[in-house]
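Data block for run20.pdb (PDB, C-alpha atoms, pLDDT in the B column):
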MODEL        1
ATOM      1  CA  MET A   7       0.587  21.927 -13.757  1.00 32.00           C
ATOM      2  CA  ALA A   8       0.008  20.549 -10.276  1.00 35.00           C
ATOM      3  CA  ASP A   9       0.073  16.973 -11.598  1.00 44.00           C
ATOM      4  CA  ASP A  10       3.644  17.478 -12.769  1.00 43.00           C
ATOM      5  CA  GLN A  11       4.954  18.720  -9.430  1.00 41.00           C
ATOM      6  CA  ASP A  12       6.956  16.618  -7.015  1.00 47.00           C
ATOM      7  CA  ILE A  13       4.560  15.135  -4.469  1.00 46.00           C
ATOM      8  CA  GLY A  14       7.146  14.061  -1.922  1.00 53.00           C
ATOM      9  CA  ALA A  15       5.137  15.777   0.793  1.00 48.00           C
ATOM     10  CA  ASP A  16       2.059  13.757  -0.151  1.00 47.00           C
ATOM     11  CA  LEU A  17       4.116  10.581   0.093  1.00 49.00           C
ATOM     12  CA  GLY A  18       5.053  11.384   3.676  1.00 50.00           C
ATOM     13  CA  VAL A  19       8.761  11.730   3.054  1.00 45.00           C
ATOM     14  CA  GLY A  20       9.465  14.991   4.831  1.00 45.00           C
ATOM     15  CA  ALA A  21      10.312  15.523   8.485  1.00 47.00           C
ATOM     16  CA  GLY A  22       7.129  16.248  10.436  1.00 46.00           C
ATOM     17  CA  ASP A  23       6.928  19.057  12.967  1.00 52.00           C
ATOM     18  CA  ALA A  24       3.527  18.382  14.565  1.00 62.00           C
ATOM     19  CA  ALA A  25       3.177  16.359  17.742  1.00 78.00           C
ATOM     20  CA  GLU A  26       2.739  12.644  17.126  1.00 87.00           C
ATOM     21  CA  PRO A  27      -0.755  11.198  17.592  1.00 90.00           C
ATOM     22  CA  ALA A  28      -1.031   8.329  20.059  1.00 91.00           C
ATOM     23  CA  LEU A  29       0.191   5.041  18.613  1.00 93.00           C
ATOM     24  CA  GLY A  30      -2.599   3.077  20.273  1.00 94.00           C
ATOM     25  CA  GLY A  31      -5.262   5.316  18.806  1.00 92.00           C
ATOM     26  CA  GLN A  32      -3.843   4.994  15.300  1.00 94.00           C
ATOM     27  CA  LEU A  33      -3.601   1.218  15.588  1.00 95.00           C
ATOM     28  CA  ILE A  34      -7.192   0.946  16.842  1.00 96.00           C
ATOM     29  CA  GLN A  35      -8.469   3.154  14.019  1.00 94.00           C
ATOM     30  CA  ASP A  36      -6.676   1.144  11.360  1.00 96.00           C
ATOM     31  CA  ALA A  37      -7.717  -2.169  12.929  1.00 97.00           C
ATOM     32  CA  ALA A  38     -11.310  -0.908  12.786  1.00 97.00           C
ATOM     33  CA  LEU A  39     -10.812   0.067   9.134  1.00 95.00           C
ATOM     34  CA  ILE A  40      -9.487  -3.391   8.284  1.00 97.00           C
ATOM     35  CA  LEU A  41     -12.289  -5.149  10.166  1.00 97.00           C
ATOM     36  CA  ALA A  42     -14.896  -2.924   8.507  1.00 97.00           C
ATOM     37  CA  GLY A  43     -13.498  -3.807   5.083  1.00 96.00           C
ATOM     38  CA  LEU A  44     -13.604  -7.523   5.887  1.00 96.00           C
ATOM     39  CA  ALA A  45     -17.123  -7.217   7.318  1.00 96.00           C
ATOM     40  CA  LEU A  46     -18.439  -5.469   4.191  1.00 95.00           C
ATOM     41  CA  PHE A  47     -16.724  -8.045   2.011  1.00 95.00           C
ATOM     42  CA  GLY A  48     -18.033 -10.957   4.061  1.00 94.00           C
ATOM     43  CA  GLY A  49     -21.548  -9.546   4.364  1.00 95.00           C
ATOM     44  CA  ALA A  50     -21.850  -8.946   0.628  1.00 95.00           C
ATOM     45  CA  GLU A  51     -20.441 -12.405  -0.042  1.00 94.00           C
ATOM     46  CA  ALA A  52     -23.073 -13.963   2.243  1.00 95.00           C
ATOM     47  CA  TRP A  53     -25.842 -11.964   0.532  1.00 96.00           C
ATOM     48  CA  ALA A  54     -24.650 -13.126  -2.879  1.00 94.00           C
ATOM     49  CA  ALA A  55     -24.503 -16.765  -1.774  1.00 93.00           C
ATOM     50  CA  ALA A  56     -27.942 -16.674  -0.126  1.00 94.00           C
ATOM     51  CA  SER A  57     -29.820 -14.732  -2.793  1.00 95.00           C
ATOM     52  CA  GLY A  58     -28.157 -15.725  -6.036  1.00 91.00           C
ATOM     53  CA  LEU A  59     -28.902 -12.227  -7.340  1.00 95.00           C
ATOM     54  CA  LEU A  60     -26.650 -10.765  -9.999  1.00 96.00           C
ATOM     55  CA  LEU A  61     -26.747  -7.434  -8.156  1.00 96.00           C
ATOM     56  CA  ALA A  62     -25.521  -9.141  -4.999  1.00 96.00           C
ATOM     57  CA  GLN A  63     -22.657 -10.752  -6.934  1.00 95.00           C
ATOM     58  CA  VAL A  64     -21.635  -7.396  -8.402  1.00 96.00           C
ATOM     59  CA  VAL A  65     -21.744  -5.734  -4.966  1.00 96.00           C
ATOM     60  CA  ALA A  66     -19.743  -8.587  -3.443  1.00 96.00           C
ATOM     61  CA  VAL A  67     -17.029  -8.340  -6.085  1.00 96.00           C
ATOM     62  CA  GLY A  68     -16.918  -4.545  -5.770  1.00 96.00           C
ATOM     63  CA  ASN A  69     -16.585  -4.737  -1.982  1.00 96.00           C
ATOM     64  CA  ALA A  70     -13.912  -7.403  -2.335  1.00 97.00           C
ATOM     65  CA  LEU A  71     -11.819  -5.282  -4.698  1.00 97.00           C
ATOM     66  CA  VAL A  72     -12.032  -2.209  -2.451  1.00 96.00           C
ATOM     67  CA  ALA A  73     -11.375  -4.196   0.735  1.00 97.00           C
ATOM     68  CA  GLY A  74      -8.385  -6.034  -0.738  1.00 97.00           C
ATOM     69  CA  TRP A  75      -6.779  -2.831  -2.008  1.00 97.00           C
ATOM     70  CA  VAL A  76      -7.431  -0.775   1.140  1.00 97.00           C
ATOM     71  CA  ILE A  77      -6.326  -3.465   3.604  1.00 98.00           C
ATOM     72  CA  THR A  78      -3.114  -4.112   1.674  1.00 98.00           C
ATOM     73  CA  ASN A  79      -2.446  -0.375   1.453  1.00 97.00           C
ATOM     74  CA  VAL A  80      -2.914   0.176   5.187  1.00 97.00           C
ATOM     75  CA  LEU A  81      -0.664  -2.727   6.147  1.00 98.00           C
ATOM     76  CA  HIS A  82       1.903  -1.651   3.542  1.00 98.00           C
ATOM     77  CA  GLU A  83       2.230   1.724   5.289  1.00 96.00           C
ATOM     78  CA  TRP A  84       2.529   0.116   8.712  1.00 97.00           C
ATOM     79  CA  GLY A  85       5.188  -2.173   7.228  1.00 97.00           C
ATOM     80  CA  HIS A  86       7.133   0.893   6.134  1.00 97.00           C
ATOM     81  CA  TYR A  87       6.767   2.386   9.598  1.00 97.00           C
ATOM     82  CA  ALA A  88       7.833  -0.849  11.310  1.00 97.00           C
ATOM     83  CA  GLY A  89      10.907  -1.076   9.082  1.00 97.00           C
ATOM     84  CA  ALA A  90      11.823   2.507   9.895  1.00 97.00           C
ATOM     85  CA  LYS A  91      11.424   2.048  13.632  1.00 96.00           C
ATOM     86  CA  LEU A  92      13.319  -1.259  13.683  1.00 97.00           C
ATOM     87  CA  ALA A  93      16.195   0.615  12.030  1.00 97.00           C
ATOM     88  CA  ARG A  94      15.861   3.374  14.660  1.00 96.00           C
ATOM     89  CA  ALA A  95      15.076   5.947  11.979  1.00 96.00           C
ATOM     90  CA  ALA A  96      13.449   9.312  12.577  1.00 94.00           C
ATOM     91  CA  ALA A  97       9.906   8.672  11.357  1.00 94.00           C
ATOM     92  CA  PRO A  98       7.367  10.585  13.452  1.00 94.00           C
ATOM     93  CA  ARG A  99       3.760   9.516  13.034  1.00 93.00           C
ATOM     94  CA  VAL A 100       1.232  12.032  11.720  1.00 92.00           C
ATOM     95  CA  LYS A 101      -2.519  12.269  11.533  1.00 86.00           C
ATOM     96  CA  PRO A 102      -3.247  11.446   7.875  1.00 80.00           C
ATOM     97  CA  PRO A 103      -4.964  14.259   5.984  1.00 75.00           C
ATOM     98  CA  GLY A 104      -8.336  13.352   4.532  1.00 76.00           C
ATOM     99  CA  LEU A 105      -8.380   9.864   3.039  1.00 78.00           C
ATOM    100  CA  SER A 106      -4.594   9.593   2.837  1.00 83.00           C
ATOM    101  CA  PHE A 107      -3.006   6.287   3.832  1.00 88.00           C
ATOM    102  CA  PHE A 108       0.297   7.844   4.897  1.00 87.00           C
ATOM    103  CA  ARG A 109       0.834   7.411   8.628  1.00 89.00           C
ATOM    104  CA  TYR A 110       4.281   8.918   9.237  1.00 92.00           C
ATOM    105  CA  ARG A 111       6.973  11.259   7.947  1.00 92.00           C
ATOM    106  CA  PHE A 112      10.419   9.972   7.083  1.00 92.00           C
ATOM    107  CA  ASP A 113      13.389  12.300   7.522  1.00 91.00           C
ATOM    108  CA  LEU A 114      15.248  11.770   4.247  1.00 91.00           C
ATOM    109  CA  GLU A 115      18.001  14.202   5.170  1.00 89.00           C
ATOM    110  CA  GLY A 116      18.646  12.976   8.709  1.00 92.00           C
ATOM    111  CA  ASN A 117      18.274   9.210   8.282  1.00 95.00           C
ATOM    112  CA  SER A 118      20.951   7.007   6.747  1.00 95.00           C
ATOM    113  CA  LEU A 119      20.721   4.985   3.553  1.00 96.00           C
ATOM    114  CA  ALA A 120      20.490   1.804   5.627  1.00 97.00           C
ATOM    115  CA  GLN A 121      17.536   3.231   7.533  1.00 97.00           C
ATOM    116  CA  PHE A 122      15.880   4.337   4.287  1.00 96.00           C
ATOM    117  CA  THR A 123      16.344   0.834   2.875  1.00 97.00           C
ATOM    118  CA  ALA A 124      14.889  -0.789   5.998  1.00 97.00           C
ATOM    119  CA  MET A 125      11.858   1.494   5.757  1.00 97.00           C
ATOM    120  CA  SER A 126      11.425   0.680   2.067  1.00 96.00           C
ATOM    121  CA  LEU A 127      11.782  -3.068   2.513  1.00 97.00           C
ATOM    122  CA  GLY A 128       9.326  -3.093   5.411  1.00 97.00           C
ATOM    123  CA  GLY A 129       6.481  -1.902   3.221  1.00 97.00           C
ATOM    124  CA  ASN A 130       7.300  -4.390   0.484  1.00 97.00           C
ATOM    125  CA  LEU A 131       7.478  -7.307   2.883  1.00 98.00           C
ATOM    126  CA  ALA A 132       4.115  -6.244   4.278  1.00 98.00           C
ATOM    127  CA  HIS A 133       2.197  -6.014   1.015  1.00 98.00           C
ATOM    128  CA  TRP A 134       3.546  -9.289  -0.343  1.00 98.00           C
ATOM    129  CA  GLY A 135       2.795 -10.858   3.028  1.00 98.00           C
ATOM    130  CA  VAL A 136      -0.819  -9.719   2.776  1.00 98.00           C
ATOM    131  CA  PHE A 137      -1.094 -11.207  -0.702  1.00 98.00           C
ATOM    132  CA  ALA A 138       0.452 -14.505   0.455  1.00 97.00           C
ATOM    133  CA  ALA A 139      -1.975 -14.701   3.382  1.00 97.00           C
ATOM    134  CA  ALA A 140      -4.985 -13.958   1.169  1.00 97.00           C
ATOM    135  CA  PHE A 141      -3.851 -16.494  -1.431  1.00 96.00           C
ATOM    136  CA  LEU A 142      -3.402 -19.224   1.183  1.00 95.00           C
ATOM    137  CA  LEU A 143      -6.616 -18.488   3.076  1.00 94.00           C
ATOM    138  CA  LEU A 144      -8.764 -18.172  -0.070  1.00 92.00           C
ATOM    139  CA  PRO A 145      -7.529 -20.943  -2.408  1.00 88.00           C
ATOM    140  CA  MET A 146      -8.236 -19.897  -5.966  1.00 89.00           C
ATOM    141  CA  ALA A 147      -9.368 -23.365  -7.055  1.00 88.00           C
ATOM    142  CA  THR A 148     -12.517 -23.123  -4.922  1.00 90.00           C
ATOM    143  CA  ALA A 149     -12.867 -19.343  -4.602  1.00 92.00           C
ATOM    144  CA  THR A 150     -16.045 -17.450  -5.431  1.00 94.00           C
ATOM    145  CA  PRO A 151     -15.819 -14.459  -7.808  1.00 94.00           C
ATOM    146  CA  ALA A 152     -15.677 -12.103  -4.806  1.00 95.00           C
ATOM    147  CA  GLN A 153     -12.978 -14.129  -3.085  1.00 96.00           C
ATOM    148  CA  SER A 154     -10.942 -14.206  -6.283  1.00 96.00           C
ATOM    149  CA  GLY A 155     -11.417 -10.448  -6.581  1.00 96.00           C
ATOM    150  CA  PHE A 156     -10.155  -9.904  -3.037  1.00 97.00           C
ATOM    151  CA  VAL A 157      -6.962 -11.887  -3.674  1.00 97.00           C
ATOM    152  CA  ALA A 158      -6.473 -10.186  -7.035  1.00 97.00           C
ATOM    153  CA  ALA A 159      -6.806  -6.761  -5.406  1.00 98.00           C
ATOM    154  CA  THR A 160      -4.073  -7.598  -2.873  1.00 98.00           C
ATOM    155  CA  PHE A 161      -1.862  -8.744  -5.747  1.00 98.00           C
ATOM    156  CA  ALA A 162      -2.662  -5.614  -7.773  1.00 97.00           C
ATOM    157  CA  PHE A 163      -1.613  -3.355  -4.905  1.00 97.00           C
ATOM    158  CA  ALA A 164       1.571  -5.385  -4.335  1.00 98.00           C
ATOM    159  CA  VAL A 165       2.487  -4.986  -8.010  1.00 97.00           C
ATOM    160  CA  PHE A 166       1.577  -1.276  -7.992  1.00 97.00           C
ATOM    161  CA  ALA A 167       3.737  -0.515  -4.953  1.00 96.00           C
ATOM    162  CA  SER A 168       6.628  -2.762  -5.950  1.00 97.00           C
ATOM    163  CA  VAL A 169       7.099  -1.335  -9.439  1.00 95.00           C
ATOM    164  CA  ILE A 170       7.353   2.109  -7.873  1.00 95.00           C
ATOM    165  CA  GLU A 171       9.540   1.274  -4.886  1.00 96.00           C
ATOM    166  CA  TRP A 172      11.980  -1.401  -6.071  1.00 96.00           C
ATOM    167  CA  PRO A 173      13.626   0.822  -8.694  1.00 95.00           C
ATOM    168  CA  ILE A 174      14.155   3.381  -5.929  1.00 95.00           C
ATOM    169  CA  ILE A 175      15.667   0.753  -3.635  1.00 96.00           C
ATOM    170  CA  VAL A 176      18.024  -0.354  -6.416  1.00 96.00           C
ATOM    171  CA  ARG A 177      18.998   3.183  -7.463  1.00 94.00           C
ATOM    172  CA  THR A 178      19.708   4.340  -3.911  1.00 95.00           C
ATOM    173  CA  ASN A 179      21.689   1.260  -2.891  1.00 95.00           C
ATOM    174  CA  TRP A 180      23.573   0.529  -6.119  1.00 95.00           C
ATOM    175  CA  GLY A 181      23.082   3.550  -8.361  1.00 93.00           C
ATOM    176  CA  GLY A 182      24.334   6.290  -6.059  1.00 91.00           C
ATOM    177  CA  LEU A 183      20.978   8.107  -5.833  1.00 91.00           C
ATOM    178  CA  GLN A 184      20.530  10.066  -2.617  1.00 92.00           C
ATOM    179  CA  PRO A 185      17.353   9.159  -0.682  1.00 91.00           C
ATOM    180  CA  SER A 186      16.499  12.876  -0.524  1.00 87.00           C
ATOM    181  CA  LYS A 187      16.263  12.834  -4.347  1.00 89.00           C
ATOM    182  CA  ALA A 188      14.538   9.476  -4.624  1.00 86.00           C
ATOM    183  CA  PHE A 189      11.011  10.815  -5.033  1.00 84.00           C
ATOM    184  CA  ALA A 190      11.746  13.799  -7.270  1.00 83.00           C
ATOM    185  CA  HIS A 191      10.338  12.003 -10.330  1.00 83.00           C
ATOM    186  CA  ILE A 192       7.116  10.896  -8.645  1.00 84.00           C
ATOM    187  CA  ASN A 193       4.074  13.035  -9.371  1.00 83.00           C
ATOM    188  CA  ARG A 194       0.364  12.375  -9.649  1.00 83.00           C
ATOM    189  CA  THR A 195       0.605  11.503 -13.332  1.00 87.00           C
ATOM    190  CA  PHE A 196       3.289   8.930 -12.508  1.00 87.00           C
ATOM    191  CA  ILE A 197       1.132   7.445  -9.736  1.00 89.00           C
ATOM    192  CA  ARG A 198      -1.931   7.200 -11.960  1.00 87.00           C
ATOM    193  CA  GLY A 199       0.088   5.359 -14.596  1.00 89.00           C
ATOM    194  CA  HIS A 200       1.176   2.825 -12.032  1.00 91.00           C
ATOM    195  CA  TYR A 201      -2.411   2.289 -10.864  1.00 91.00           C
ATOM    196  CA  LEU A 202      -2.924   0.966 -14.382  1.00 93.00           C
ATOM    197  CA  VAL A 203       0.119  -1.287 -14.050  1.00 92.00           C
ATOM    198  CA  GLY A 204      -1.249  -2.686 -10.793  1.00 95.00           C
ATOM    199  CA  GLY A 205      -4.678  -3.220 -12.327  1.00 94.00           C
ATOM    200  CA  ILE A 206      -3.179  -5.104 -15.249  1.00 94.00           C
ATOM    201  CA  GLY A 207      -1.233  -7.219 -12.767  1.00 95.00           C
ATOM    202  CA  GLY A 208      -4.463  -8.075 -10.951  1.00 95.00           C
ATOM    203  CA  VAL A 209      -6.185  -9.095 -14.191  1.00 94.00           C
ATOM    204  CA  VAL A 210      -3.213 -11.226 -15.254  1.00 94.00           C
ATOM    205  CA  PHE A 211      -3.261 -12.900 -11.848  1.00 94.00           C
ATOM    206  CA  LEU A 212      -6.955 -13.813 -12.265  1.00 92.00           C
ATOM    207  CA  VAL A 213      -6.263 -15.279 -15.698  1.00 90.00           C
ATOM    208  CA  VAL A 214      -3.277 -17.322 -14.572  1.00 89.00           C
ATOM    209  CA  ALA A 215      -4.402 -18.385 -11.074  1.00 79.00           C
TER     210      ALA A 215
ENDMDL
END
File written out as structure tokens:
Amino acid sequence: MADDQDIGADLGVGAGDAAEPALGGQLIQDAALILAGLALFGGAEAWAAASGLLLAQVVAVGNALVAGWVITNVLHEWGHYAGAKLARAAAPRVKPPGLSFFRYRFDLEGNSLAQFTAMSLGGNLAHWGVFAAAFLLLPMATATPAQSGFVAATFAFAVFASVIEWPIIVRTNWGGLQPSKAFAHINRTFIRGHYLVGGIGGVVFLVVA
């Protein structure tokens, strides 16, 4: 079944052959995506506050969850790319297919373990940084339901990505696993299961925070 196949190509871990798109254009597009997410979140939040309608509250929370997840995802990928480039790794940018968040290809065969680790850590630093910023800017003690949902969504994505990537970081650096084999176990079924893990993390965060 397709769900049981290795999706390393979907994860952007192969060497890309196509010409790189302009960096400036990609940054502008993703900045626009982030601003659009914040605008939808903020607009729905204002509507909910002004109207007091239950529908407006539901829309605000829904927009907050989507915006928090998408923004964290986008910045996570740019964190990976920044880590790769700071380590001088071969990581050509690509035009993402469809709604994919992957922005580059990483040459697992040509890059070193140190470069692979730098790439991996960059994404993790980014998504936890987004969560920390959201948590500090939207204090949970005074947050509205939508604001709490936004912070929880950033936490959910951070958990989702970390529980996938940290075992790989550990196994490649201390377990002898080759980076080229690091994603062999990851398929769509695996990813879907970890969406659930991230969602549970977000719910637990709301309960505890």
So, with all atoms listed in the file as the atoms that count, which of A:Pro173, A:Pro185, A:Pro103, A:Pro151 lies closest to Ser118 (chain A)?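 Checking each of A:Pro173, A:Pro185, A:Pro103, A:Pro151 against Ser118 (chain A), counting all atoms listed in the file, the winner is A:Pro185.
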Please return the centre and edge lengths, in Å to one decimal, of a box with edges along x, y and z that contains all listed atoms of region 173-178 of chain A, widened by 4 Å on every side, as JSON.
{"center_x": 16.7, "center_y": 2.0, "center_z": -6.2, "size_x": 14.1, "size_y": 12.7, "size_z": 13.1}
Starting from the point (-5.0, 6.6, -7.5), work out which residues of protein, DNA or RNA have an atom no more than 12 Å away when counting all atoms listed in the file; state them as a list in words.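 Every polymer residue passing the test: Trp75, Val76, Asn79, Leu105, Ser106, Phe107, Phe163, Phe166, Ala167, Asn193, Arg194, Thr195, Phe196, Ile197, Arg198, Gly199, His200, Tyr201, Leu202, Val203, Gly204 and Gly205 of chain A.
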Could you write out that same residue set with C-alpha atoms as an mmCIF file, in the frame of the given file?
data_model
loop_
_atom_site.group_PDB
_atom_site.id
_atom_site.type_symbol
_atom_site.label_atom_id
_atom_site.label_comp_id
_atom_site.auth_asym_id
_atom_site.auth_seq_id
_atom_site.Cartn_x
_atom_site.Cartn_y
_atom_site.Cartn_z
ATOM 1 C CA TRP A 75 -6.779 -2.831 -2.008
ATOM 2 C CA VAL A 76 -7.431 -0.775 1.140
ATOM 3 C CA ASN A 79 -2.446 -0.375 1.453
ATOM 4 C CA LEU A 105 -8.380 9.864 3.039
ATOM 5 C CA SER A 106 -4.594 9.593 2.837
ATOM 6 C CA PHE A 107 -3.006 6.287 3.832
ATOM 7 C CA PHE A 163 -1.613 -3.355 -4.905
ATOM 8 C CA PHE A 166 1.577 -1.276 -7.992
ATOM 9 C CA ALA A 167 3.737 -0.515 -4.953
ATOM 10 C CA ASN A 193 4.074 13.035 -9.371
ATOM 11 C CA ARG A 194 0.364 12.375 -9.649
ATOM 12 C CA THR A 195 0.605 11.503 -13.332
ATOM 13 C CA PHE A 196 3.289 8.930 -12.508
ATOM 14 C CA ILE A 197 1.132 7.445 -9.736
ATOM 15 C CA ARG A 198 -1.931 7.200 -11.960
ATOM 16 C CA GLY A 199 0.088 5.359 -14.596
ATOM 17 C CA HIS A 200 1.176 2.825 -12.032
ATOM 18 C CA TYR A 201 -2.411 2.289 -10.864
ATOM 19 C CA LEU A 202 -2.924 0.966 -14.382
ATOM 20 C CA VAL A 203 0.119 -1.287 -14.050
ATOM 21 C CA GLY A 204 -1.249 -2.686 -10.793
ATOM 22 C CA GLY A 205 -4.678 -3.220 -12.327
#
Shell around His133 (chain A) at 6 Å using all atoms listed in the file, local window under 3 positions removed, as JSON, numbers by chain: {"A": [78, 82, 130, 136, 164]}
Shell of 10 Å around region 47-51 of chain A, all atoms listed in the file, local chain residues under 3 positions omitted, as an mmCIF file with C-alpha atoms, in the coordinates of the input:
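For reference, selection.cif as written:
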data_model
loop_
_atom_site.group_PDB
_atom_site.id
_atom_site.type_symbol
_atom_site.label_atom_id
_atom_site.label_comp_id
_atom_site.auth_asym_id
_atom_site.auth_seq_id
_atom_site.Cartn_x
_atom_site.Cartn_y
_atom_site.Cartn_z
ATOM 1 C CA LEU A 41 -12.289 -5.149 10.166
ATOM 2 C CA ALA A 42 -14.896 -2.924 8.507
ATOM 3 C CA GLY A 43 -13.498 -3.807 5.083
ATOM 4 C CA LEU A 44 -13.604 -7.523 5.887
ATOM 5 C CA ALA A 54 -24.650 -13.126 -2.879
ATOM 6 C CA ALA A 55 -24.503 -16.765 -1.774
ATOM 7 C CA ALA A 56 -27.942 -16.674 -0.126
ATOM 8 C CA ALA A 62 -25.521 -9.141 -4.999
ATOM 9 C CA GLN A 63 -22.657 -10.752 -6.934
ATOM 10 C CA VAL A 64 -21.635 -7.396 -8.402
ATOM 11 C CA VAL A 65 -21.744 -5.734 -4.966
ATOM 12 C CA ALA A 66 -19.743 -8.587 -3.443
ATOM 13 C CA VAL A 67 -17.029 -8.340 -6.085
ATOM 14 C CA GLY A 68 -16.918 -4.545 -5.770
ATOM 15 C CA ASN A 69 -16.585 -4.737 -1.982
ATOM 16 C CA ALA A 70 -13.912 -7.403 -2.335
ATOM 17 C CA LEU A 71 -11.819 -5.282 -4.698
ATOM 18 C CA VAL A 72 -12.032 -2.209 -2.451
ATOM 19 C CA ALA A 73 -11.375 -4.196 0.735
ATOM 20 C CA GLY A 74 -8.385 -6.034 -0.738
ATOM 21 C CA THR A 150 -16.045 -17.450 -5.431
ATOM 22 C CA PRO A 151 -15.819 -14.459 -7.808
ATOM 23 C CA ALA A 152 -15.677 -12.103 -4.806
ATOM 24 C CA GLN A 153 -12.978 -14.129 -3.085
ATOM 25 C CA PHE A 156 -10.155 -9.904 -3.037
#
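What separates CA of His191 (chain A) from CA of Glu171 (chain A) is a distance of 12.1 Å.
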So that each row is one residue of region 80-189 of chain A with an atom at most 9 Å from region 208-214 of chain A, can you give its shortest atom pair and the distance in Å to one decimal, using all atoms listed in the file, rows by chain and rising number, as CSV?
residue,atom,partner,partner_atom,distance
A:Met146,CA,A:Leu212,CA,8.9
A:Ser154,CA,A:Leu212,CA,7.2
A:Gly155,CA,A:Leu212,CA,8.0
A:Val157,CA,A:Gly208,CA,8.6
A:Ala158,CA,A:Gly208,CA,4.9
A:Ala159,CA,A:Gly208,CA,6.2
A:Thr160,CA,A:Gly208,CA,8.1
A:Phe161,CA,A:Gly208,CA,5.9
A:Ala162,CA,A:Gly208,CA,4.4
A:Phe163,CA,A:Gly208,CA,8.2
A:Val165,CA,A:Gly208,CA,8.2
Distance in Å - CA of Ile174 (chain A) versus CA of Asn117 (chain A):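 CA of Asn117 (chain A) lies 15.9 Å from CA of Ile174 (chain A).
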